[in-house]
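I have placed the structure first, in the form of structure tokens, so that the comments after it can refer back to it.
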Amino acid sequence: MVRVGVHVSIAGSIALSVPRAVDAGCDTYQIFSRNPRGWKFSDLDASMVKEFRNSLGATRIGPVVDHMPYLPNLAAPDGENYGKSVATLTAELRRCDQLGIPFLVTHLGHHKGEGKPAGYRQVTGAVNRALGDAPGKVMLLLETTADEKNSVGGTFEDLRSILDGIDERKRVGICYDTCHTFSAGYDLRTPEALGETLDHFDGVVGLSLLHAVHLNDARGELGGHLDRHEHIGLGSIGEEGFRTFLHHPVFRDLPLICETPVDERRDDRGNLARVRELAA
């Protein structure tokens, strides 16, 4: 069976994410380690860290994945925002280390009109500084994007250009977002299309660098560059697309995190159930 989960709230305490993940039926799950909509945050409380580790250790859930906050832009030109972005990345790596979380997922950001090569340099500089200032075993996962205007990370070639500039390459991998890559123009809805996409990925980036998946359907069309998530099977990728994806051996052993809506049509439990049905 696949390992699938959702993004879980840390309201009240990071430790409370564990029983919430259990209640939702997660095999794995993702959190923000702090408020994702601001720059300020408090240091982790030692007793809370211990409670989180003990609670998680009493379950069979894993791995837990942390996600960077929304405001940092690692591809931004030099300036206050870029400096705060690098500091946030460094802090998140350290927080993951404290919590025993093995993976930190990050968006790569936008180059603000400076061009992709400039964006690559900014991202690699940020990653190299952060990894150097936050030693440990936490792996940073670069998330694929929908290839929106001025973004970096939307093509496999973008990822390769960034990876080539990383000093500690053993601490960097890829988080494959199905909505984003589909919106960027990489099809996965048939065995033939998925095979071509993965052959391309393997030739440019390397399948061995895949460590997690954001499993989301897409509201936009193939190559539409729209970053809008939809319930599993109810978007442009569709049920057959996800059945094809979930049966491919490359993804069977990776943690699958749904970042799908919660609305009157379906909740987190409903999406987890649909994923397991399609993967069965």
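Ligands are numbered from 1 in the order shown, residues from 1 within each chain, and chains are lettered A, B, ... in the order they appear in the structure tokens.
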* Those of region 27-148 of chain A in DSSP alpha helix (DSSP H), formatted as number ranges by chain -> A: 46-57, 80-99, 116-133
With C-alpha atoms retained, could you export that selection as a JSON list (two decimals), in the first residue's frame?
[["chain", "number", "residue", "atom", "x", "y", "z"],
["A", 46, "ALA", "CA", 11.82, 21.95, 24.85],
["A", 47, "SER", "CA", 8.87, 20.27, 26.56],
["A", 48, "MET", "CA", 6.77, 20.59, 23.40],
["A", 49, "VAL", "CA", 9.58, 19.09, 21.30],
["A", 50, "LYS", "CA", 9.79, 16.16, 23.69],
["A", 51, "GLU", "CA", 6.01, 15.68, 23.63],
["A", 52, "PHE", "CA", 5.97, 15.76, 19.82],
["A", 53, "ARG", "CA", 8.79, 13.24, 19.52],
["A", 54, "ASN", "CA", 7.25, 10.90, 22.09],
["A", 55, "SER", "CA", 3.76, 11.12, 20.59],
["A", 56, "LEU", "CA", 5.03, 10.49, 17.08],
["A", 57, "GLY", "CA", 7.22, 7.63, 18.27],
["A", 80, "GLU", "CA", 15.82, 42.87, 2.90],
["A", 81, "ASN", "CA", 13.37, 40.24, 1.65],
["A", 82, "TYR", "CA", 16.17, 38.00, 0.42],
["A", 83, "GLY", "CA", 18.09, 38.27, 3.67],
["A", 84, "LYS", "CA", 15.00, 37.43, 5.71],
["A", 85, "SER", "CA", 14.29, 34.52, 3.35],
["A", 86, "VAL", "CA", 17.74, 33.00, 3.91],
["A", 87, "ALA", "CA", 17.42, 33.48, 7.67],
["A", 88, "THR", "CA", 14.01, 31.77, 7.65],
["A", 89, "LEU", "CA", 15.35, 28.83, 5.66],
["A", 90, "THR", "CA", 18.21, 28.43, 8.11],
["A", 91, "ALA", "CA", 15.85, 28.60, 11.09],
["A", 92, "GLU", "CA", 13.47, 26.02, 9.57],
["A", 93, "LEU", "CA", 16.32, 23.57, 8.97],
["A", 94, "ARG", "CA", 17.33, 23.93, 12.62],
["A", 95, "ARG", "CA", 13.75, 23.49, 13.81],
["A", 96, "CYS", "CA", 13.40, 20.30, 11.76],
["A", 97, "ASP", "CA", 16.58, 19.01, 13.38],
["A", 98, "GLN", "CA", 15.21, 19.73, 16.84],
["A", 99, "LEU", "CA", 11.91, 18.02, 16.05],
["A", 116, "LYS", "CA", 16.15, 32.76, -14.59],
["A", 117, "PRO", "CA", 19.98, 32.61, -14.39],
["A", 118, "ALA", "CA", 19.90, 35.33, -11.72],
["A", 119, "GLY", "CA", 17.15, 33.42, -9.91],
["A", 120, "TYR", "CA", 19.19, 30.22, -9.99],
["A", 121, "ARG", "CA", 22.17, 32.02, -8.44],
["A", 122, "GLN", "CA", 20.05, 33.49, -5.67],
["A", 123, "VAL", "CA", 18.46, 30.13, -4.81],
["A", 124, "THR", "CA", 21.78, 28.25, -4.76],
["A", 125, "GLY", "CA", 23.34, 31.01, -2.69],
["A", 126, "ALA", "CA", 20.49, 30.87, -0.18],
["A", 127, "VAL", "CA", 20.58, 27.08, 0.04],
["A", 128, "ASN", "CA", 24.36, 26.95, 0.43],
["A", 129, "ARG", "CA", 24.32, 29.56, 3.20],
["A", 130, "ALA", "CA", 21.44, 27.91, 5.04],
["A", 131, "LEU", "CA", 22.84, 24.38, 4.88],
["A", 132, "GLY", "CA", 26.23, 25.68, 6.00],
["A", 133, "ASP", "CA", 24.70, 27.48, 8.99]]
* Asked: Contacts of Glu239 (chain A) at 12 Å or less, counting only C-alpha atoms, minus same-chain residues fewer than 3 places along, as a list of chain:residue names?
  ->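 My list of contacting residues is A:Leu188, A:Arg189, A:Thr190, A:Asn216, A:Asp217, A:Ala218, A:Glu230, A:His231, A:Ile232, A:Gly233, A:Leu234, A:Gly235, A:Ser236, A:Phe242, A:Arg243, A:Thr244, A:Phe245, A:Leu246, A:Asn271, A:Arg274, A:Val275, A:Arg276, A:Glu277, A:Leu278, A:Ala279.
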* Could you pull the residues within 9 Å of Glu114 (chain A), counting only C-alpha atoms, minus those fewer than 6 positions along the same chain, as a list of chain:residue names? ->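 Result of the neighbour search: A:Ala76, A:Pro77, A:Asn150.
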N, CA and C atoms of the current selection, written as an mmCIF file, in the first residue's frame:
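Saved the output as part_18.cif:
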data_model
loop_
_atom_site.group_PDB
_atom_site.id
_atom_site.type_symbol
_atom_site.label_atom_id
_atom_site.label_comp_id
_atom_site.auth_asym_id
_atom_site.auth_seq_id
_atom_site.Cartn_x
_atom_site.Cartn_y
_atom_site.Cartn_z
ATOM 1 N N ALA A 76 14.703 35.858 -4.946
ATOM 2 C CA ALA A 76 14.606 37.313 -5.003
ATOM 3 C C ALA A 76 15.983 37.957 -5.150
ATOM 4 N N PRO A 77 16.034 39.147 -5.729
ATOM 5 C CA PRO A 77 17.295 39.895 -5.765
ATOM 6 C C PRO A 77 17.755 40.227 -4.344
ATOM 7 N N ASN A 150 8.023 34.634 -14.161
ATOM 8 C CA ASN A 150 9.146 35.024 -13.300
ATOM 9 C C ASN A 150 9.509 33.988 -12.234
#
* To do: Please identify all polymer residues within 10 Å of region 152-157 of chain A, counting only C-alpha atoms, omitting same-chain residues fewer than 5 positions from it, and present them as a PyMOL selection string.
  => chain A and resi 74-75+107-111+115-120+123+142-147+162-163+180-181+183-186+197+200-206+225
* With a distance cut-off of 9 Å and only C-alpha atoms, select the neighbouring residues of Phe103 (chain A), excluding the residue or stretch itself and same-chain residues fewer than 2 positions from it, and output the selection as a list in words. => Pro63, Val64, Val65, Asp66, His67, Leu93, Cys96, Ile101, Val105, Val138, Met139, Leu140, Leu141, His211 and Ala212 of chain A
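Between CA of Lys112 (chain A) and CA of Ser151 (chain A) the separation is 8.2 Å.
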* Mind the document's chain letters and residue numbers, and return as a ChimeraX atom specification the residues of region 191-276 of chain A that DSSP labels strand (DSSP E or B). => /A:210-214,217-218,229-230,255-258
* To do: Show which residues sit within 10 Å of Ile31 (chain A), as a PyMOL selection string. Count only C-alpha atoms, and ignore same-chain residues fewer than 5 positions away.
  => chain A and resi 6-10+14+17+36+64-68+104
* Distance criterion (only C-alpha atoms): nearest to Ile61 (chain A) out of A:Asp158, A:Trp39, A:Asp45, A:Pro19 -> A:Pro19
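In this structure, CA of Val18 (chain A) sits 24.2 Å away from CA of Phe251 (chain A).
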* Structure fact -> Restricting to only C-alpha atoms, whichever of A:Asn35, A:Ser13, A:Gln30, A:Thr106 is closest to Gly173 (chain A) is A:Thr106
* Interatomic distance between CA of Thr59 (chain A) and CA of Asp43 (chain A)? -> 25.6 Å
